[in-house]
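Colleague: Enclosed is the structure file upload-v1.cif (mmCIF, C-alpha atoms, pLDDT in the B column; chains and numbers go by the auth columns).
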data_my_file
loop_
_atom_site.group_PDB
_atom_site.id
_atom_site.type_symbol
_atom_site.label_atom_id
_atom_site.label_comp_id
_atom_site.label_asym_id
_atom_site.label_seq_id
_atom_site.Cartn_x
_atom_site.Cartn_y
_atom_site.Cartn_z
_atom_site.B_iso_or_equiv
_atom_site.auth_seq_id
_atom_site.auth_asym_id
ATOM 1 C CA MET A 1 0.000 0.000 0.000 88.00 770 A
ATOM 2 C CA LEU A 2 1.119 3.500 -0.693 90.00 771 A
ATOM 3 C CA ARG A 3 0.562 6.130 2.028 93.00 772 A
ATOM 4 C CA ILE A 4 -0.772 9.364 0.545 95.00 773 A
ATOM 5 C CA ASP A 5 0.515 12.608 2.005 95.00 774 A
ATOM 6 C CA VAL A 6 -1.955 15.464 2.140 95.00 775 A
ATOM 7 C CA ALA A 7 -1.612 19.148 2.867 94.00 776 A
ATOM 8 C CA ASN A 8 -2.663 20.487 6.255 94.00 777 A
ATOM 9 C CA LYS A 9 -6.113 22.036 6.484 95.00 778 A
ATOM 10 C CA ALA A 10 -7.883 23.469 9.494 96.00 779 A
ATOM 11 C CA ILE A 11 -11.591 23.130 10.113 96.00 780 A
ATOM 12 C CA GLU A 12 -11.584 26.763 11.263 96.00 781 A
ATOM 13 C CA ALA A 13 -11.023 27.822 7.652 96.00 782 A
ATOM 14 C CA TYR A 14 -14.641 26.802 7.021 96.00 783 A
ATOM 15 C CA GLU A 15 -16.143 28.897 9.830 96.00 784 A
ATOM 16 C CA HIS A 16 -17.438 31.501 7.384 97.00 785 A
ATOM 17 C CA ILE A 17 -19.327 28.739 5.580 96.00 786 A
ATOM 18 C CA ILE A 18 -20.686 26.555 8.388 95.00 787 A
ATOM 19 C CA GLY A 19 -20.493 28.810 11.420 97.00 788 A
ATOM 20 C CA LEU A 20 -18.747 28.650 14.775 97.00 789 A
ATOM 21 C CA ALA A 21 -21.461 26.595 16.468 97.00 790 A
ATOM 22 C CA GLU A 22 -21.074 23.804 13.910 97.00 791 A
ATOM 23 C CA ILE A 23 -17.293 23.811 14.267 97.00 792 A
ATOM 24 C CA GLU A 24 -17.650 23.518 18.033 97.00 793 A
ATOM 25 C CA GLU A 25 -20.079 20.628 17.552 97.00 794 A
ATOM 26 C CA ILE A 26 -17.629 18.885 15.213 96.00 795 A
ATOM 27 C CA TYR A 27 -14.884 19.237 17.843 96.00 796 A
ATOM 28 C CA SER A 28 -17.232 17.871 20.499 96.00 797 A
ATOM 29 C CA LEU A 29 -18.111 14.845 18.374 95.00 798 A
ATOM 30 C CA ALA A 30 -14.490 14.314 17.338 95.00 799 A
ATOM 31 C CA ASN A 31 -13.389 14.349 20.971 94.00 800 A
ATOM 32 C CA LYS A 32 -15.226 11.039 21.447 92.00 801 A
ATOM 33 C CA LEU A 33 -13.033 9.501 18.719 92.00 802 A
ATOM 34 C CA ARG A 34 -9.628 10.810 19.817 86.00 803 A
ATOM 35 C CA ASN A 35 -8.220 7.347 20.519 83.00 804 A
ATOM 36 C CA CYS A 36 -9.446 5.923 17.224 89.00 805 A
ATOM 37 C CA GLN A 37 -7.606 5.634 13.954 92.00 806 A
ATOM 38 C CA VAL A 38 -9.384 6.054 10.638 93.00 807 A
ATOM 39 C CA VAL A 39 -7.780 4.474 7.588 94.00 808 A
ATOM 40 C CA HIS A 40 -9.111 5.273 4.130 94.00 809 A
ATOM 41 C CA VAL A 41 -8.161 2.863 1.349 92.00 810 A
ATOM 42 C CA ASN A 42 -8.943 3.362 -2.301 89.00 811 A
ATOM 43 C CA ALA A 43 -7.533 2.726 -5.750 86.00 812 A
ATOM 44 C CA THR A 44 -5.999 6.064 -6.672 86.00 813 A
ATOM 45 C CA SER A 45 -4.953 9.400 -5.218 90.00 814 A
ATOM 46 C CA PHE A 46 -6.091 11.392 -8.256 88.00 815 A
ATOM 47 C CA GLY A 47 -8.648 11.483 -11.003 83.00 816 A
ATOM 48 C CA GLY A 48 -11.795 10.492 -9.185 81.00 817 A
ATOM 49 C CA GLY A 49 -14.401 11.724 -6.777 88.00 818 A
ATOM 50 C CA VAL A 50 -13.132 9.680 -3.838 90.00 819 A
ATOM 51 C CA ALA A 51 -9.596 11.019 -4.259 91.00 820 A
ATOM 52 C CA GLU A 52 -10.864 14.592 -4.478 94.00 821 A
ATOM 53 C CA ILE A 53 -12.853 14.150 -1.274 96.00 822 A
ATOM 54 C CA LEU A 54 -10.001 12.489 0.634 97.00 823 A
ATOM 55 C CA HIS A 55 -7.551 15.291 -0.191 95.00 824 A
ATOM 56 C CA THR A 56 -9.748 17.484 2.022 95.00 825 A
ATOM 57 C CA LEU A 57 -11.382 14.984 4.386 96.00 826 A
ATOM 58 C CA VAL A 58 -8.163 13.433 5.725 97.00 827 A
ATOM 59 C CA PRO A 59 -6.523 16.715 6.774 97.00 828 A
ATOM 60 C CA LEU A 60 -9.781 18.082 8.188 96.00 829 A
ATOM 61 C CA THR A 61 -10.242 14.907 10.205 96.00 830 A
ATOM 62 C CA ARG A 62 -6.723 15.318 11.558 96.00 831 A
ATOM 63 C CA SER A 63 -7.376 18.974 12.356 95.00 832 A
ATOM 64 C CA VAL A 64 -10.064 17.984 14.872 95.00 833 A
ATOM 65 C CA GLY A 65 -7.767 15.505 16.616 94.00 834 A
ATOM 66 C CA ILE A 66 -8.597 12.211 14.921 95.00 835 A
ATOM 67 C CA ASN A 67 -5.718 10.152 13.554 94.00 836 A
ATOM 68 C CA ALA A 68 -6.587 9.700 9.879 96.00 837 A
ATOM 69 C CA GLU A 69 -4.485 8.049 7.189 95.00 838 A
ATOM 70 C CA TRP A 70 -5.003 7.441 3.490 96.00 839 A
ATOM 71 C CA TYR A 71 -3.547 4.604 1.456 94.00 840 A
ATOM 72 C CA THR A 72 -3.912 3.495 -2.119 93.00 841 A
ATOM 73 C CA ILE A 73 -3.798 -0.107 -3.181 91.00 842 A
ATOM 74 C CA GLU A 74 -0.787 -1.324 -5.104 90.00 843 A
ATOM 75 C CA ALA A 75 -1.741 -3.908 -7.695 93.00 844 A
ATOM 76 C CA LEU A 76 -1.430 -4.881 -11.306 95.00 845 A
ATOM 77 C CA GLN A 77 -4.018 -3.813 -13.864 94.00 846 A
ATOM 78 C CA GLU A 78 -5.913 -7.102 -13.488 96.00 847 A
ATOM 79 C CA PHE A 79 -7.008 -5.990 -10.000 95.00 848 A
ATOM 80 C CA PHE A 80 -8.282 -2.629 -11.220 92.00 849 A
ATOM 81 C CA ASN A 81 -10.142 -4.335 -14.080 94.00 850 A
ATOM 82 C CA VAL A 82 -12.015 -6.376 -11.471 95.00 851 A
ATOM 83 C CA THR A 83 -12.776 -3.381 -9.262 92.00 852 A
ATOM 84 C CA LYS A 84 -14.086 -1.526 -12.319 91.00 853 A
ATOM 85 C CA LEU A 85 -16.368 -4.494 -12.942 94.00 854 A
ATOM 86 C CA PHE A 86 -17.568 -4.267 -9.318 93.00 855 A
ATOM 87 C CA HIS A 87 -18.222 -0.551 -9.787 90.00 856 A
ATOM 88 C CA ASN A 88 -20.184 -1.079 -12.978 94.00 857 A
ATOM 89 C CA THR A 89 -22.198 -3.908 -11.419 95.00 858 A
ATOM 90 C CA LEU A 90 -23.048 -1.766 -8.388 94.00 859 A
ATOM 91 C CA GLN A 91 -24.197 0.918 -10.824 94.00 860 A
ATOM 92 C CA GLY A 92 -26.637 -1.549 -12.417 94.00 861 A
ATOM 93 C CA ALA A 93 -24.672 -3.344 -15.145 93.00 862 A
ATOM 94 C CA ASP A 94 -25.883 -6.897 -15.625 93.00 863 A
ATOM 95 C CA THR A 95 -22.423 -8.452 -15.615 91.00 864 A
ATOM 96 C CA PRO A 96 -21.699 -11.590 -13.605 92.00 865 A
ATOM 97 C CA ILE A 97 -18.591 -11.627 -11.422 94.00 866 A
ATOM 98 C CA GLU A 98 -16.788 -14.886 -11.983 95.00 867 A
ATOM 99 C CA GLU A 99 -14.856 -16.948 -9.453 97.00 868 A
ATOM 100 C CA HIS A 100 -11.449 -16.157 -10.977 97.00 869 A
ATOM 101 C CA GLN A 101 -12.237 -12.431 -10.696 97.00 870 A
ATOM 102 C CA TRP A 102 -13.035 -12.808 -7.003 97.00 871 A
ATOM 103 C CA LYS A 103 -9.708 -14.631 -6.563 97.00 872 A
ATOM 104 C CA ILE A 104 -7.798 -11.777 -8.229 97.00 873 A
ATOM 105 C CA TYR A 105 -9.530 -9.283 -5.966 95.00 874 A
ATOM 106 C CA GLU A 106 -8.869 -11.308 -2.809 95.00 875 A
ATOM 107 C CA LYS A 107 -5.208 -11.902 -3.737 95.00 876 A
ATOM 108 C CA TYR A 108 -4.383 -8.204 -4.002 94.00 877 A
ATOM 109 C CA CYS A 109 -6.464 -7.279 -0.964 91.00 878 A
ATOM 110 C CA GLN A 110 -4.532 -9.805 1.107 92.00 879 A
ATOM 111 C CA GLN A 111 -1.188 -8.545 -0.188 91.00 880 A
ATOM 112 C CA ASN A 112 -2.106 -4.970 0.677 89.00 881 A
ATOM 113 C CA ILE A 113 -3.569 -5.815 4.094 85.00 882 A
ATOM 114 C CA GLU A 114 -0.244 -7.306 5.096 83.00 883 A
ATOM 115 C CA GLN A 115 1.400 -3.921 4.515 80.00 884 A
ATOM 116 C CA ILE A 116 -0.794 -1.977 6.943 74.00 885 A
#
Please render this file's structure as structure tokens.

Modeller:
Amino acid sequence: MLRIDVANKAIEAYEHIIGLAEIEEIYSLANKLRNCQVVHVNATSFGGGVAEILHTLVPLTRSVGINAEWYTIEALQEFFNVTKLFHNTLQGADTPIEEHQWKIYEKYCQQNIEQI
């Protein structure tokens, strides 16, 4: 797995948008999670909606005192072909997922899990 570095961001920078009361509520809620670690894992650090969100979400999560990390999966193209099939199927494509595709997915997941 590849750890993605993100720029620092402070939740206070959004006060003019969400207001001080909401920022205080976020800190209050985050305080309950101070001893937790959040790990985000996805396929890429660029070029998609998840990556765009995580570039902001991870540093904002850290700014309220929660230990957040972001990793991308390291795999050959065969893995990403399978995850694209999953994506398309979840979006309604009528495409069966075959046993060998599940095995490819599980193989790379296991390899990456061992690196965390």

Colleague: Convert the output of the PyMOL selection byres ((chain A and resi 866) around 12) on the shown file into explicit residues, formatted as JSON, numbers by chain.

Modeller: {"A": [850, 851, 852, 853, 854, 855, 856, 857, 858, 859, 862, 863, 864, 865, 867, 868, 869, 870, 871, 872, 873, 874]}

Colleague: With 4 Å added on each side, what axis-aligned box encloses every listed atom of segment 823-839 of chain A? Give the centre and edge lengths in Å to one decimal, as JSON.

Modeller:
{"center_x": -7.9, "center_y": 13.2, "center_z": 8.2, "size_x": 14.9, "size_y": 19.5, "size_z": 24.8}

Colleague: Evaluated on this file, the PyMOL selection byres ((chain A and resi 827) around 12) picks out some residues - which ones are they, written as number ranges by chain?

Modeller: A: 772-780, 806-810, 819-826, 828-840

Colleague: What would the file look like if the residues just selected were written as a PDB file, in the coordinates of the input with C-alpha atoms?

Modeller:
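New file again31.pdb:
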ATOM      1  CA  ARG A 772       0.562   6.130   2.028  1.00 93.00           C
ATOM      2  CA  ILE A 773      -0.772   9.364   0.545  1.00 95.00           C
ATOM      3  CA  ASP A 774       0.515  12.608   2.005  1.00 95.00           C
ATOM      4  CA  VAL A 775      -1.955  15.464   2.140  1.00 95.00           C
ATOM      5  CA  ALA A 776      -1.612  19.148   2.867  1.00 94.00           C
ATOM      6  CA  ASN A 777      -2.663  20.487   6.255  1.00 94.00           C
ATOM      7  CA  LYS A 778      -6.113  22.036   6.484  1.00 95.00           C
ATOM      8  CA  ALA A 779      -7.883  23.469   9.494  1.00 96.00           C
ATOM      9  CA  ILE A 780     -11.591  23.130  10.113  1.00 96.00           C
ATOM     10  CA  GLN A 806      -7.606   5.634  13.954  1.00 92.00           C
ATOM     11  CA  VAL A 807      -9.384   6.054  10.638  1.00 93.00           C
ATOM     12  CA  VAL A 808      -7.780   4.474   7.588  1.00 94.00           C
ATOM     13  CA  HIS A 809      -9.111   5.273   4.130  1.00 94.00           C
ATOM     14  CA  VAL A 810      -8.161   2.863   1.349  1.00 92.00           C
ATOM     15  CA  VAL A 819     -13.132   9.680  -3.838  1.00 90.00           C
ATOM     16  CA  ALA A 820      -9.596  11.019  -4.259  1.00 91.00           C
ATOM     17  CA  GLU A 821     -10.864  14.592  -4.478  1.00 94.00           C
ATOM     18  CA  ILE A 822     -12.853  14.150  -1.274  1.00 96.00           C
ATOM     19  CA  LEU A 823     -10.001  12.489   0.634  1.00 97.00           C
ATOM     20  CA  HIS A 824      -7.551  15.291  -0.191  1.00 95.00           C
ATOM     21  CA  THR A 825      -9.748  17.484   2.022  1.00 95.00           C
ATOM     22  CA  LEU A 826     -11.382  14.984   4.386  1.00 96.00           C
ATOM     23  CA  PRO A 828      -6.523  16.715   6.774  1.00 97.00           C
ATOM     24  CA  LEU A 829      -9.781  18.082   8.188  1.00 96.00           C
ATOM     25  CA  THR A 830     -10.242  14.907  10.205  1.00 96.00           C
ATOM     26  CA  ARG A 831      -6.723  15.318  11.558  1.00 96.00           C
ATOM     27  CA  SER A 832      -7.376  18.974  12.356  1.00 95.00           C
ATOM     28  CA  VAL A 833     -10.064  17.984  14.872  1.00 95.00           C
ATOM     29  CA  GLY A 834      -7.767  15.505  16.616  1.00 94.00           C
ATOM     30  CA  ILE A 835      -8.597  12.211  14.921  1.00 95.00           C
ATOM     31  CA  ASN A 836      -5.718  10.152  13.554  1.00 94.00           C
ATOM     32  CA  ALA A 837      -6.587   9.700   9.879  1.00 96.00           C
ATOM     33  CA  GLU A 838      -4.485   8.049   7.189  1.00 95.00           C
ATOM     34  CA  TRP A 839      -5.003   7.441   3.490  1.00 96.00           C
ATOM     35  CA  TYR A 840      -3.547   4.604   1.456  1.00 94.00           C
TER      36      TYR A 840
END

Colleague: Expressed in Å to a single decimal, how great is the separation between atom CA of Leu771 of chain A and atom CA of Ile842 of chain A?

Modeller: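 Result for atom CA of Leu771 of chain A versus atom CA of Ile842 of chain A: 6.6 Å, one decimal.
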
Colleague: Which value, in Å to one decimal, gives the distance between atom CA of Ile786 of chain A and atom CA of Cys805 of chain A?

Modeller: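 That distance, rounded to one decimal, is 27.5 Å.
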
Colleague: Under the PyMOL selection byres ((chain A and resi 879-885) around 8), which residues of this model are included? Write them out as a list of chain:residue names.

Modeller: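 Taken over the shown coordinates, the PyMOL selection byres ((chain A and resi 879-885) around 8) returns A:Met770, A:Ile842, A:Glu843, A:Glu875, A:Lys876, A:Tyr877, A:Cys878.
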
Colleague: Suppose you want the space between atom CA of Ala790 of chain A and atom CA of Leu802 of chain A; what is it in Å?

Modeller: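 Interatomic distance, atom CA of Ala790 of chain A to atom CA of Leu802 of chain A: 19.2 Å.
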
Colleague: Between A:Leu798, A:Ala812, A:Ile787, A:Ala782, single out the one closest to Leu845 of chain A, counting only C-alpha atoms.

Modeller: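 Nearest candidate to Leu845 of chain A out of A:Leu798, A:Ala812, A:Ile787, A:Ala782: A:Ala812.
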
Colleague: My list of candidates is A:Gly818, A:Ile792, A:Asn804, A:Asn811. Which is closest to Phe849 of chain A when distances are computed with only C-alpha atoms?

Modeller: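 Closest residue, counting only C-alpha atoms: A:Asn811.
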
Colleague: Please rebuild segment 872-883 of chain A with all heavy atoms and give the result as a tab-separated table (two decimals), keeping the file's coordinate frame.

Modeller:
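Contents of the output file out_21.tsv:
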chain	number	residue	atom	x	y	z
A	872	LYS	N	-11.04	-14.19	-7.03
A	872	LYS	CA	-9.71	-14.63	-6.56
A	872	LYS	C	-8.65	-13.55	-6.81
A	872	LYS	O	-7.78	-13.33	-5.97
A	872	LYS	CB	-9.32	-15.95	-7.21
A	872	LYS	CG	-10.14	-17.13	-6.70
A	872	LYS	CD	-9.59	-18.45	-7.24
A	872	LYS	CE	-10.45	-19.62	-6.83
A	872	LYS	NZ	-10.75	-19.75	-5.43
A	873	ILE	N	-8.72	-12.89	-7.95
A	873	ILE	CA	-7.80	-11.78	-8.23
A	873	ILE	C	-7.99	-10.68	-7.19
A	873	ILE	O	-7.02	-10.18	-6.61
A	873	ILE	CB	-8.04	-11.23	-9.65
A	873	ILE	CG1	-7.57	-12.24	-10.70
A	873	ILE	CG2	-7.34	-9.88	-9.84
A	873	ILE	CD1	-8.01	-11.90	-12.12
A	874	TYR	N	-9.22	-10.33	-6.94
A	874	TYR	CA	-9.53	-9.28	-5.97
A	874	TYR	C	-9.00	-9.66	-4.58
A	874	TYR	O	-8.32	-8.86	-3.93
A	874	TYR	CB	-11.04	-9.07	-5.92
A	874	TYR	CG	-11.49	-8.06	-4.89
A	874	TYR	CD1	-11.33	-6.70	-5.10
A	874	TYR	CD2	-12.06	-8.48	-3.69
A	874	TYR	CE1	-11.73	-5.78	-4.16
A	874	TYR	CE2	-12.47	-7.56	-2.74
A	874	TYR	CZ	-12.30	-6.22	-2.98
A	874	TYR	OH	-12.69	-5.31	-2.03
A	875	GLU	N	-9.29	-10.86	-4.14
A	875	GLU	CA	-8.87	-11.31	-2.81
A	875	GLU	C	-7.35	-11.38	-2.69
A	875	GLU	O	-6.78	-11.03	-1.65
A	875	GLU	CB	-9.49	-12.66	-2.49
A	875	GLU	CG	-10.99	-12.57	-2.29
A	875	GLU	CD	-11.70	-13.92	-2.25
A	875	GLU	OE1	-11.05	-14.96	-2.50
A	875	GLU	OE2	-12.91	-13.92	-1.97
A	876	LYS	N	-6.67	-11.80	-3.76
A	876	LYS	CA	-5.21	-11.90	-3.74
A	876	LYS	C	-4.57	-10.54	-3.46
A	876	LYS	O	-3.72	-10.41	-2.57
A	876	LYS	CB	-4.69	-12.46	-5.08
A	876	LYS	CG	-3.18	-12.49	-5.16
A	876	LYS	CD	-2.71	-13.04	-6.51
A	876	LYS	CE	-2.64	-11.93	-7.52
A	876	LYS	NZ	-1.99	-12.33	-8.78
A	877	TYR	N	-4.99	-9.53	-4.18
A	877	TYR	CA	-4.38	-8.20	-4.00
A	877	TYR	C	-4.81	-7.56	-2.69
A	877	TYR	O	-4.02	-6.85	-2.06
A	877	TYR	CB	-4.69	-7.30	-5.19
A	877	TYR	CG	-3.89	-7.68	-6.40
A	877	TYR	CD1	-4.46	-8.38	-7.46
A	877	TYR	CD2	-2.53	-7.37	-6.49
A	877	TYR	CE1	-3.72	-8.76	-8.56
A	877	TYR	CE2	-1.79	-7.75	-7.59
A	877	TYR	CZ	-2.39	-8.45	-8.62
A	877	TYR	OH	-1.64	-8.81	-9.71
A	878	CYS	N	-6.04	-7.81	-2.27
A	878	CYS	CA	-6.46	-7.28	-0.96
A	878	CYS	C	-5.59	-7.87	0.14
A	878	CYS	O	-5.13	-7.14	1.02
A	878	CYS	CB	-7.93	-7.59	-0.72
A	878	CYS	SG	-9.07	-6.57	-1.66
A	879	GLN	N	-5.36	-9.16	0.09
A	879	GLN	CA	-4.53	-9.80	1.11
A	879	GLN	C	-3.10	-9.26	1.08
A	879	GLN	O	-2.53	-8.97	2.14
A	879	GLN	CB	-4.52	-11.34	0.91
A	879	GLN	CG	-3.78	-12.08	1.99
A	879	GLN	CD	-4.41	-11.89	3.36
A	879	GLN	OE1	-5.62	-11.91	3.52
A	879	GLN	NE2	-3.58	-11.67	4.37
A	880	GLN	N	-2.54	-9.09	-0.08
A	880	GLN	CA	-1.19	-8.54	-0.19
A	880	GLN	C	-1.11	-7.15	0.42
A	880	GLN	O	-0.13	-6.81	1.09
A	880	GLN	CB	-0.74	-8.49	-1.66
A	880	GLN	CG	-0.43	-9.83	-2.25
A	880	GLN	CD	-0.14	-9.75	-3.74
A	880	GLN	OE1	-0.17	-8.68	-4.35
A	880	GLN	NE2	0.15	-10.89	-4.35
A	881	ASN	N	-2.11	-6.33	0.18
A	881	ASN	CA	-2.11	-4.97	0.68
A	881	ASN	C	-2.40	-4.90	2.17
A	881	ASN	O	-1.83	-4.09	2.89
A	881	ASN	CB	-3.08	-4.10	-0.11
A	881	ASN	CG	-2.49	-3.68	-1.43
A	881	ASN	OD1	-1.84	-2.64	-1.53
A	881	ASN	ND2	-2.65	-4.49	-2.48
A	882	ILE	N	-3.27	-5.77	2.66
A	882	ILE	CA	-3.57	-5.82	4.09
A	882	ILE	C	-2.31	-6.08	4.90
A	882	ILE	O	-2.10	-5.51	5.95
A	882	ILE	CB	-4.65	-6.88	4.39
A	882	ILE	CG1	-6.02	-6.39	3.91
A	882	ILE	CG2	-4.68	-7.25	5.86
A	882	ILE	CD1	-7.09	-7.46	3.92
A	883	GLU	N	-1.48	-6.94	4.39
A	883	GLU	CA	-0.24	-7.31	5.10
A	883	GLU	C	0.71	-6.13	5.24
A	883	GLU	O	1.62	-6.16	6.05
A	883	GLU	CB	0.41	-8.48	4.39
A	883	GLU	CG	-0.40	-9.77	4.51
A	883	GLU	CD	0.08	-10.89	3.60
A	883	GLU	OE1	1.10	-10.73	2.90
A	883	GLU	OE2	-0.59	-11.94	3.61
